[in-house]
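Peer 1: The following block contains the structure, expressed as structure tokens.
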Amino acid sequence: MNKWIKWMLMPLCAVAMLPGSASADETTPRADDLLAAVRKMTVSQGERDVRGTIRKGRNQVPFSLSSRGDTIVFQYKQKSGWERFDVRISETNVSLYRVTGNKAAQMSPKDYTDTIAGTDVCYEDLSLRFLYWKGGRVLEDTSDSRIKGRDCYIVEVPNPNADIGQFAWVRVWVDKENGTTWQIDGYGRDGKLKKRFTITSVQKLSDGSWFFKQMKLEIRNPQNPSRTSALNYLEMEDLPDARK
């Protein structure tokens with residue numbers, strides 16, 4: 001599989017061991033190194049496309065993603081037919097493009113937060129472009145460092161361009177033992193929790209790697225961020241070599 005689709009898939013997956021993970025008596029890894037490892041970890045998907053559904057209540061939107069060179073192609077189904085947008089990734093930038101026929105037009109950053117097909121999932125959510133931000137820090141361990149009973153590093157990364165996108169900063173929970181990304185919190189410019197991405201179930205493949213089965217996206221109440229105002233789910237089809 002092309003290296004770019006591996007980079008896009010991994011933040012949504014539970015996978016192999018994190019290269020360079022620190023044990024209790026070692027120096028804490030750098031935030032940029034942790035996120036780089038998250039992006040670069042792979043799942044053995046061969047050349048097949050990945051398919052799933054975005055779900056909000058009874059609204060179910062089929063989608064797929066696949067690799068086309070250095071581009072990730074996302075397609076989702078509307079009543080009028082399939083829509084497409086591309087994520088073009090370089091070492092220093094992530095750009096989004098709307099594609100109609102054979103023509104691609106680069107999205108304005110103000111369109112990154114446009115929601116998809118009646119859900120609360122936006123283009124920036126699917127692209128996970130915030131995982132490419134630099135200059136983060138690893139927070140000190142607290143009771144919040146444990147997710148699903150697992151010890152995690154919490155990586156906090158500021159938005160390098162505060163005028164672009166929905167988040168002023170994000171926090172990413174990275175499993176200390178196996179590198180799984182269990183949770184991503186996105187904070188708005190008002191300093192309040194805006195969205196939470198959580199891996200709720202995974203499927204194990206025949207080669208021993210893991211792929212996410214379901215991811216929950218919580219939209220938090222702007223007046224009371226401790227409350228969830230809307231729930232959306234990304235649910236993947238069973239892969240042919242998933243262990244039952």
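Chain lettering (A, B, ...) mirrors the order of the structure tokens, residue numbering begins at 1 for each chain separately, and ligand numbering begins at 1 in order of display.
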Using the chain letters and numbers from this document, which residues of region 67-134 of chain A does DSSP assign to strand (DSSP E or B), as a VMD selection string?

Peer 2: chain A and resid 67 to 68 71 to 78 81 to 89 94 to 100 103 to 106 115 122

Peer 1: With N, CA, C and O atoms kept, could you save the residues just selected as a short mmCIF file (atom, residue, chain, number, x, y, z; two decimals), in the first residue's frame?

Peer 2:
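Result saved to part-v2.cif:
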data_model
loop_
_atom_site.label_atom_id
_atom_site.label_comp_id
_atom_site.auth_asym_id
_atom_site.auth_seq_id
_atom_site.Cartn_x
_atom_site.Cartn_y
_atom_site.Cartn_z
N SER A 67 -6.03 4.87 -1.94
CA SER A 67 -4.80 5.58 -2.27
C SER A 67 -4.68 5.79 -3.77
O SER A 67 -4.94 4.87 -4.57
N ARG A 68 -4.30 7.01 -4.16
CA ARG A 68 -4.00 7.32 -5.55
C ARG A 68 -2.69 8.10 -5.56
O ARG A 68 -2.68 9.32 -5.48
N THR A 71 -2.04 10.84 -2.85
CA THR A 71 -3.34 11.42 -2.53
C THR A 71 -4.24 10.36 -1.89
O THR A 71 -4.24 9.21 -2.32
N ILE A 72 -4.98 10.77 -0.87
CA ILE A 72 -6.02 9.91 -0.31
C ILE A 72 -7.35 10.36 -0.91
O ILE A 72 -7.72 11.53 -0.84
N VAL A 73 -8.08 9.43 -1.49
CA VAL A 73 -9.35 9.71 -2.12
C VAL A 73 -10.49 9.29 -1.19
O VAL A 73 -10.60 8.11 -0.84
N PHE A 74 -11.31 10.24 -0.77
CA PHE A 74 -12.50 9.97 0.01
C PHE A 74 -13.72 10.13 -0.87
O PHE A 74 -13.85 11.13 -1.61
N GLN A 75 -14.63 9.17 -0.80
CA GLN A 75 -15.90 9.28 -1.50
C GLN A 75 -17.03 8.97 -0.53
O GLN A 75 -16.90 8.07 0.30
N TYR A 76 -18.12 9.73 -0.62
CA TYR A 76 -19.27 9.48 0.22
C TYR A 76 -20.54 9.65 -0.61
O TYR A 76 -20.58 10.40 -1.59
N LYS A 77 -21.59 8.91 -0.22
CA LYS A 77 -22.79 8.84 -1.04
C LYS A 77 -23.86 9.80 -0.55
O LYS A 77 -24.21 9.81 0.62
N GLN A 78 -24.37 10.60 -1.48
CA GLN A 78 -25.52 11.46 -1.24
C GLN A 78 -26.69 10.95 -2.07
O GLN A 78 -26.54 10.03 -2.88
N GLY A 81 -25.96 11.06 -5.67
CA GLY A 81 -24.84 10.24 -6.15
C GLY A 81 -23.62 10.38 -5.26
O GLY A 81 -23.68 10.93 -4.16
N TRP A 82 -22.50 9.88 -5.74
CA TRP A 82 -21.28 9.89 -4.96
C TRP A 82 -20.54 11.21 -5.11
O TRP A 82 -20.43 11.75 -6.21
N GLU A 83 -20.07 11.74 -3.99
CA GLU A 83 -19.24 12.94 -3.97
C GLU A 83 -17.81 12.53 -3.59
O GLU A 83 -17.60 11.53 -2.89
N ARG A 84 -16.86 13.34 -4.05
CA ARG A 84 -15.46 12.99 -3.80
C ARG A 84 -14.68 14.22 -3.33
O ARG A 84 -14.90 15.33 -3.79
N PHE A 85 -13.77 13.99 -2.36
CA PHE A 85 -12.75 14.98 -2.08
C PHE A 85 -11.43 14.26 -1.83
O PHE A 85 -11.41 13.11 -1.39
N ASP A 86 -10.35 14.94 -2.16
CA ASP A 86 -9.02 14.37 -2.05
C ASP A 86 -8.22 15.08 -0.97
O ASP A 86 -8.37 16.28 -0.76
N VAL A 87 -7.36 14.31 -0.34
CA VAL A 87 -6.42 14.85 0.64
C VAL A 87 -5.02 14.64 0.07
O VAL A 87 -4.59 13.50 -0.13
N ARG A 88 -4.34 15.74 -0.22
CA ARG A 88 -3.00 15.67 -0.78
C ARG A 88 -1.99 16.01 0.31
O ARG A 88 -2.05 17.07 0.91
N ILE A 89 -1.06 15.09 0.51
CA ILE A 89 -0.17 15.16 1.66
C ILE A 89 1.27 15.30 1.20
O ILE A 89 1.74 14.56 0.34
N VAL A 94 -0.88 19.63 4.34
CA VAL A 94 -2.03 18.79 3.98
C VAL A 94 -3.06 19.70 3.33
O VAL A 94 -3.54 20.64 3.96
N SER A 95 -3.40 19.43 2.06
CA SER A 95 -4.36 20.25 1.32
C SER A 95 -5.55 19.42 0.91
O SER A 95 -5.42 18.23 0.59
N LEU A 96 -6.74 20.03 0.92
CA LEU A 96 -7.98 19.35 0.57
C LEU A 96 -8.50 19.89 -0.77
O LEU A 96 -8.44 21.10 -1.02
N TYR A 97 -9.04 18.98 -1.59
CA TYR A 97 -9.54 19.33 -2.91
C TYR A 97 -10.91 18.71 -3.13
O TYR A 97 -11.12 17.53 -2.82
N ARG A 98 -11.84 19.47 -3.66
CA ARG A 98 -13.10 18.91 -4.15
C ARG A 98 -12.86 18.44 -5.58
O ARG A 98 -12.21 19.14 -6.37
N VAL A 99 -13.43 17.28 -5.92
CA VAL A 99 -13.22 16.71 -7.25
C VAL A 99 -14.57 16.49 -7.92
O VAL A 99 -15.45 15.81 -7.38
N THR A 100 -14.74 17.09 -9.10
CA THR A 100 -15.94 16.89 -9.91
C THR A 100 -15.50 16.43 -11.29
O THR A 100 -14.77 17.15 -11.99
N LYS A 103 -11.90 17.18 -12.72
CA LYS A 103 -11.38 18.47 -12.29
C LYS A 103 -11.33 18.54 -10.77
O LYS A 103 -12.30 18.23 -10.09
N ALA A 104 -10.18 18.98 -10.26
CA ALA A 104 -9.98 19.14 -8.82
C ALA A 104 -9.78 20.62 -8.51
O ALA A 104 -8.99 21.30 -9.17
N ALA A 105 -10.51 21.10 -7.52
CA ALA A 105 -10.39 22.50 -7.09
C ALA A 105 -10.01 22.52 -5.62
O ALA A 105 -10.68 21.90 -4.79
N GLN A 106 -8.95 23.23 -5.29
CA GLN A 106 -8.51 23.28 -3.91
C GLN A 106 -9.54 23.98 -3.05
O GLN A 106 -10.07 25.03 -3.41
N THR A 115 -19.85 20.35 6.93
CA THR A 115 -20.22 19.00 7.33
C THR A 115 -20.67 18.18 6.13
O THR A 115 -21.06 18.71 5.09
N CYS A 122 -16.99 16.68 9.54
CA CYS A 122 -16.57 17.63 8.52
C CYS A 122 -15.32 17.11 7.79
O CYS A 122 -14.73 16.09 8.16
#

Peer 1: Among region 21-239 of chain A, which ones does DSSP place in helix (DSSP H, G or I), written as a ChimeraX atom specification?

Peer 2: /A:31-40,109-111,123-127,129-132,143-145

Peer 1: Could you pull the residues within 12 Å of Ser226 (chain A), counting only C-alpha atoms, minus those fewer than 6 positions along the same chain, as JSON, numbers by chain?

Peer 2: {"A": [192, 193, 194, 195, 196, 218, 219, 220]}

Peer 1: Which neighbours of Gly135 (chain A) fall inside 12 Å, counting only C-alpha atoms, when residues of the same chain fewer than 4 positions from it are skipped, and could you give them as a PDB file with C-alpha atoms, in the first residue's frame?

Peer 2:
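What follows is the written file out-v9.pdb:
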ATOM      1  CA  ARG A  30       9.316  14.075  22.001  1.00  0.00           C
ATOM      2  CA  ALA A  31       5.786  15.020  20.973  1.00  0.00           C
ATOM      3  CA  ASP A  32       6.741  15.416  17.308  1.00  0.00           C
ATOM      4  CA  ASP A  33       8.352  11.958  17.326  1.00  0.00           C
ATOM      5  CA  LEU A  34       5.265  10.360  18.870  1.00  0.00           C
ATOM      6  CA  LEU A  35       2.950  11.869  16.257  1.00  0.00           C
ATOM      7  CA  ALA A  36       5.371  10.986  13.457  1.00  0.00           C
ATOM      8  CA  PHE A 130      -4.189  18.335  12.799  1.00  0.00           C
ATOM      9  CA  LEU A 131      -2.005  15.254  13.354  1.00  0.00           C
ATOM     10  CA  VAL A 155       0.427  14.870  23.286  1.00  0.00           C
ATOM     11  CA  GLU A 156      -0.828  18.467  23.129  1.00  0.00           C
ATOM     12  CA  VAL A 157      -0.284  20.286  19.829  1.00  0.00           C
ATOM     13  CA  PRO A 158      -1.139  23.938  19.095  1.00  0.00           C
ATOM     14  CA  ASN A 159      -2.611  24.989  15.764  1.00  0.00           C
ATOM     15  CA  PRO A 160       0.285  26.599  13.851  1.00  0.00           C
ATOM     16  CA  TRP A 169      -5.115  22.881  19.786  1.00  0.00           C
ATOM     17  CA  VAL A 170      -5.619  19.112  20.044  1.00  0.00           C
TER      18      VAL A 170
END

Peer 1: Under the rule that only C-alpha atoms are counted, which of A:Ser64, A:Ser201, A:Gln166, A:Thr27 is the nearest residue to Lys110 (chain A)?

Peer 2: A:Gln166

Peer 1: Figure out the distance between CA of Gly186 (chain A) and CA of Ala168 (chain A), please, to one decimal in Å.

Peer 2: 7.7 Å

Peer 1: Between A:Glu124, A:Glu140, A:Asp238, A:Asp190, which is the closest to Lys204 (chain A) once you count only C-alpha atoms?

Peer 2: A:Asp238

Peer 1: Restricting the calculation to only C-alpha atoms, which member of A:Asn221, A:Thr119, A:Ser90, A:Ser127 is positioned closest to Pro62 (chain A)?

Peer 2: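 Using only C-alpha atoms, the shortest distance to Pro62 (chain A) belongs to A:Thr119.
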
Peer 1: Which residues are near Tyr123 (chain A)? Cut-off 7 Å, only C-alpha atoms, ignore same chain within fewer than 2 positions. Put them as a PDB file with N, CA and C atoms, in the first residue's frame.

Peer 2:
ATOM      1  N   TYR A 112     -13.145  23.795   5.298  1.00  0.00           N
ATOM      2  CA  TYR A 112     -12.702  22.573   5.968  1.00  0.00           C
ATOM      3  C   TYR A 112     -13.723  22.084   6.991  1.00  0.00           C
ATOM      4  N   THR A 113     -14.481  23.017   7.552  1.00  0.00           N
ATOM      5  CA  THR A 113     -15.444  22.644   8.595  1.00  0.00           C
ATOM      6  C   THR A 113     -16.853  22.417   8.043  1.00  0.00           C
ATOM      7  N   ASP A 114     -17.016  22.414   6.717  1.00  0.00           N
ATOM      8  CA  ASP A 114     -18.310  22.053   6.132  1.00  0.00           C
ATOM      9  C   ASP A 114     -18.625  20.600   6.487  1.00  0.00           C
ATOM     10  N   THR A 115     -19.849  20.353   6.929  1.00  0.00           N
ATOM     11  CA  THR A 115     -20.217  18.996   7.327  1.00  0.00           C
ATOM     12  C   THR A 115     -20.667  18.177   6.128  1.00  0.00           C
ATOM     13  N   VAL A 121     -19.848  15.295  10.889  1.00  0.00           N
ATOM     14  CA  VAL A 121     -18.469  15.014  10.497  1.00  0.00           C
ATOM     15  C   VAL A 121     -18.086  15.967   9.362  1.00  0.00           C
ATOM     16  N   ASP A 125     -12.274  16.668   9.925  1.00  0.00           N
ATOM     17  CA  ASP A 125     -12.337  15.476  10.776  1.00  0.00           C
ATOM     18  C   ASP A 125     -11.815  14.252  10.036  1.00  0.00           C
ATOM     19  N   LEU A 126     -12.263  14.055   8.797  1.00  0.00           N
ATOM     20  CA  LEU A 126     -11.849  12.872   8.051  1.00  0.00           C
ATOM     21  C   LEU A 126     -10.381  12.939   7.640  1.00  0.00           C
ATOM     22  N   SER A 127      -9.889  14.132   7.332  1.00  0.00           N
ATOM     23  CA  SER A 127      -8.500  14.251   6.896  1.00  0.00           C
ATOM     24  C   SER A 127      -7.514  14.139   8.057  1.00  0.00           C
TER      25      SER A 127
END

Peer 1: Pick the closest to Asn59 (chain A) from A:Arg146, A:Lys79, A:Arg189, A:Lys216: which is it, counting only C-alpha atoms?

Peer 2: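 Checking each candidate against Asn59 (chain A), we get A:Lys79 as the closest.
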
Peer 1: Counting only C-alpha atoms, figure out which residue out of A:Val61, A:Ile147, A:Cys152, A:Met215 gets nearest to Gly179 (chain A).

Peer 2: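 Closest residue, counting only C-alpha atoms: A:Cys152.
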
Peer 1: Excluding same-chain residues fewer than 6 positions from Glu237 (chain A), what lies within 12 Å of it counting only C-alpha atoms, as a list in words?

Peer 2: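 Answer for this query is Asp49, Val50, Arg51, Gly52, Thr53, Ile54, Pro62, Phe63, Ser64, Val202, Gln203, Phe211, Phe212, Lys213 and Gln214 of chain A.
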
Peer 1: I need the residues from that last selection saved to file as an mmCIF file, in the first residue's frame (with N, CA and C atoms), if you can.

Peer 2:
data_model
loop_
_atom_site.group_PDB
_atom_site.id
_atom_site.type_symbol
_atom_site.label_atom_id
_atom_site.label_comp_id
_atom_site.auth_asym_id
_atom_site.auth_seq_id
_atom_site.Cartn_x
_atom_site.Cartn_y
_atom_site.Cartn_z
ATOM 1 N N ASP A 49 -9.452 -1.201 -1.300
ATOM 2 C CA ASP A 49 -10.053 -0.005 -0.736
ATOM 3 C C ASP A 49 -10.653 -0.331 0.635
ATOM 4 N N VAL A 50 -10.836 0.700 1.427
ATOM 5 C CA VAL A 50 -11.459 0.568 2.738
ATOM 6 C C VAL A 50 -12.826 1.219 2.686
ATOM 7 N N ARG A 51 -13.845 0.521 3.158
ATOM 8 C CA ARG A 51 -15.215 1.021 3.090
ATOM 9 C C ARG A 51 -15.865 1.045 4.468
ATOM 10 N N GLY A 52 -16.823 1.928 4.619
ATOM 11 C CA GLY A 52 -17.520 2.017 5.885
ATOM 12 C C GLY A 52 -18.725 2.919 5.790
ATOM 13 N N THR A 53 -19.216 3.328 6.955
ATOM 14 C CA THR A 53 -20.423 4.155 7.037
ATOM 15 C C THR A 53 -20.221 5.237 8.081
ATOM 16 N N ILE A 54 -20.624 6.457 7.737
ATOM 17 C CA ILE A 54 -20.746 7.523 8.729
ATOM 18 C C ILE A 54 -22.192 7.515 9.197
ATOM 19 N N PRO A 62 -22.742 5.899 3.350
ATOM 20 C CA PRO A 62 -21.623 5.042 2.926
ATOM 21 C C PRO A 62 -20.439 5.898 2.475
ATOM 22 N N PHE A 63 -19.233 5.435 2.784
ATOM 23 C CA PHE A 63 -18.043 6.127 2.303
ATOM 24 C C PHE A 63 -16.946 5.122 2.016
ATOM 25 N N SER A 64 -15.946 5.570 1.283
ATOM 26 C CA SER A 64 -14.771 4.750 1.023
ATOM 27 C C SER A 64 -13.547 5.646 0.992
ATOM 28 N N VAL A 202 -12.269 -2.454 17.852
ATOM 29 C CA VAL A 202 -11.263 -2.746 16.841
ATOM 30 C C VAL A 202 -11.460 -4.172 16.332
ATOM 31 N N GLN A 203 -10.840 -4.471 15.197
ATOM 32 C CA GLN A 203 -10.827 -5.835 14.687
ATOM 33 C C GLN A 203 -9.378 -6.255 14.452
ATOM 34 N N PHE A 211 -7.178 -3.054 13.205
ATOM 35 C CA PHE A 211 -7.812 -2.000 12.415
ATOM 36 C C PHE A 211 -9.076 -1.577 13.142
ATOM 37 N N PHE A 212 -9.359 -0.271 13.140
ATOM 38 C CA PHE A 212 -10.513 0.162 13.923
ATOM 39 C C PHE A 212 -11.820 -0.335 13.316
ATOM 40 N N LYS A 213 -12.720 -0.711 14.173
ATOM 41 C CA LYS A 213 -14.046 -1.162 13.776
ATOM 42 C C LYS A 213 -15.057 -0.031 13.895
ATOM 43 N N GLN A 214 -14.950 0.738 14.977
ATOM 44 C CA GLN A 214 -15.865 1.859 15.173
ATOM 45 C C GLN A 214 -15.146 3.002 15.885
#

Peer 1: Go through A:Gln60, A:Asn102, A:Thr228, A:Asn178 one by one, measure the shortest atom-to-atom distance of each to Gly118 (chain A) using only C-alpha atoms, and give the residue with the smallest value.

Peer 2: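 Of all the options, A:Gln60 lies closest to Gly118 (chain A).
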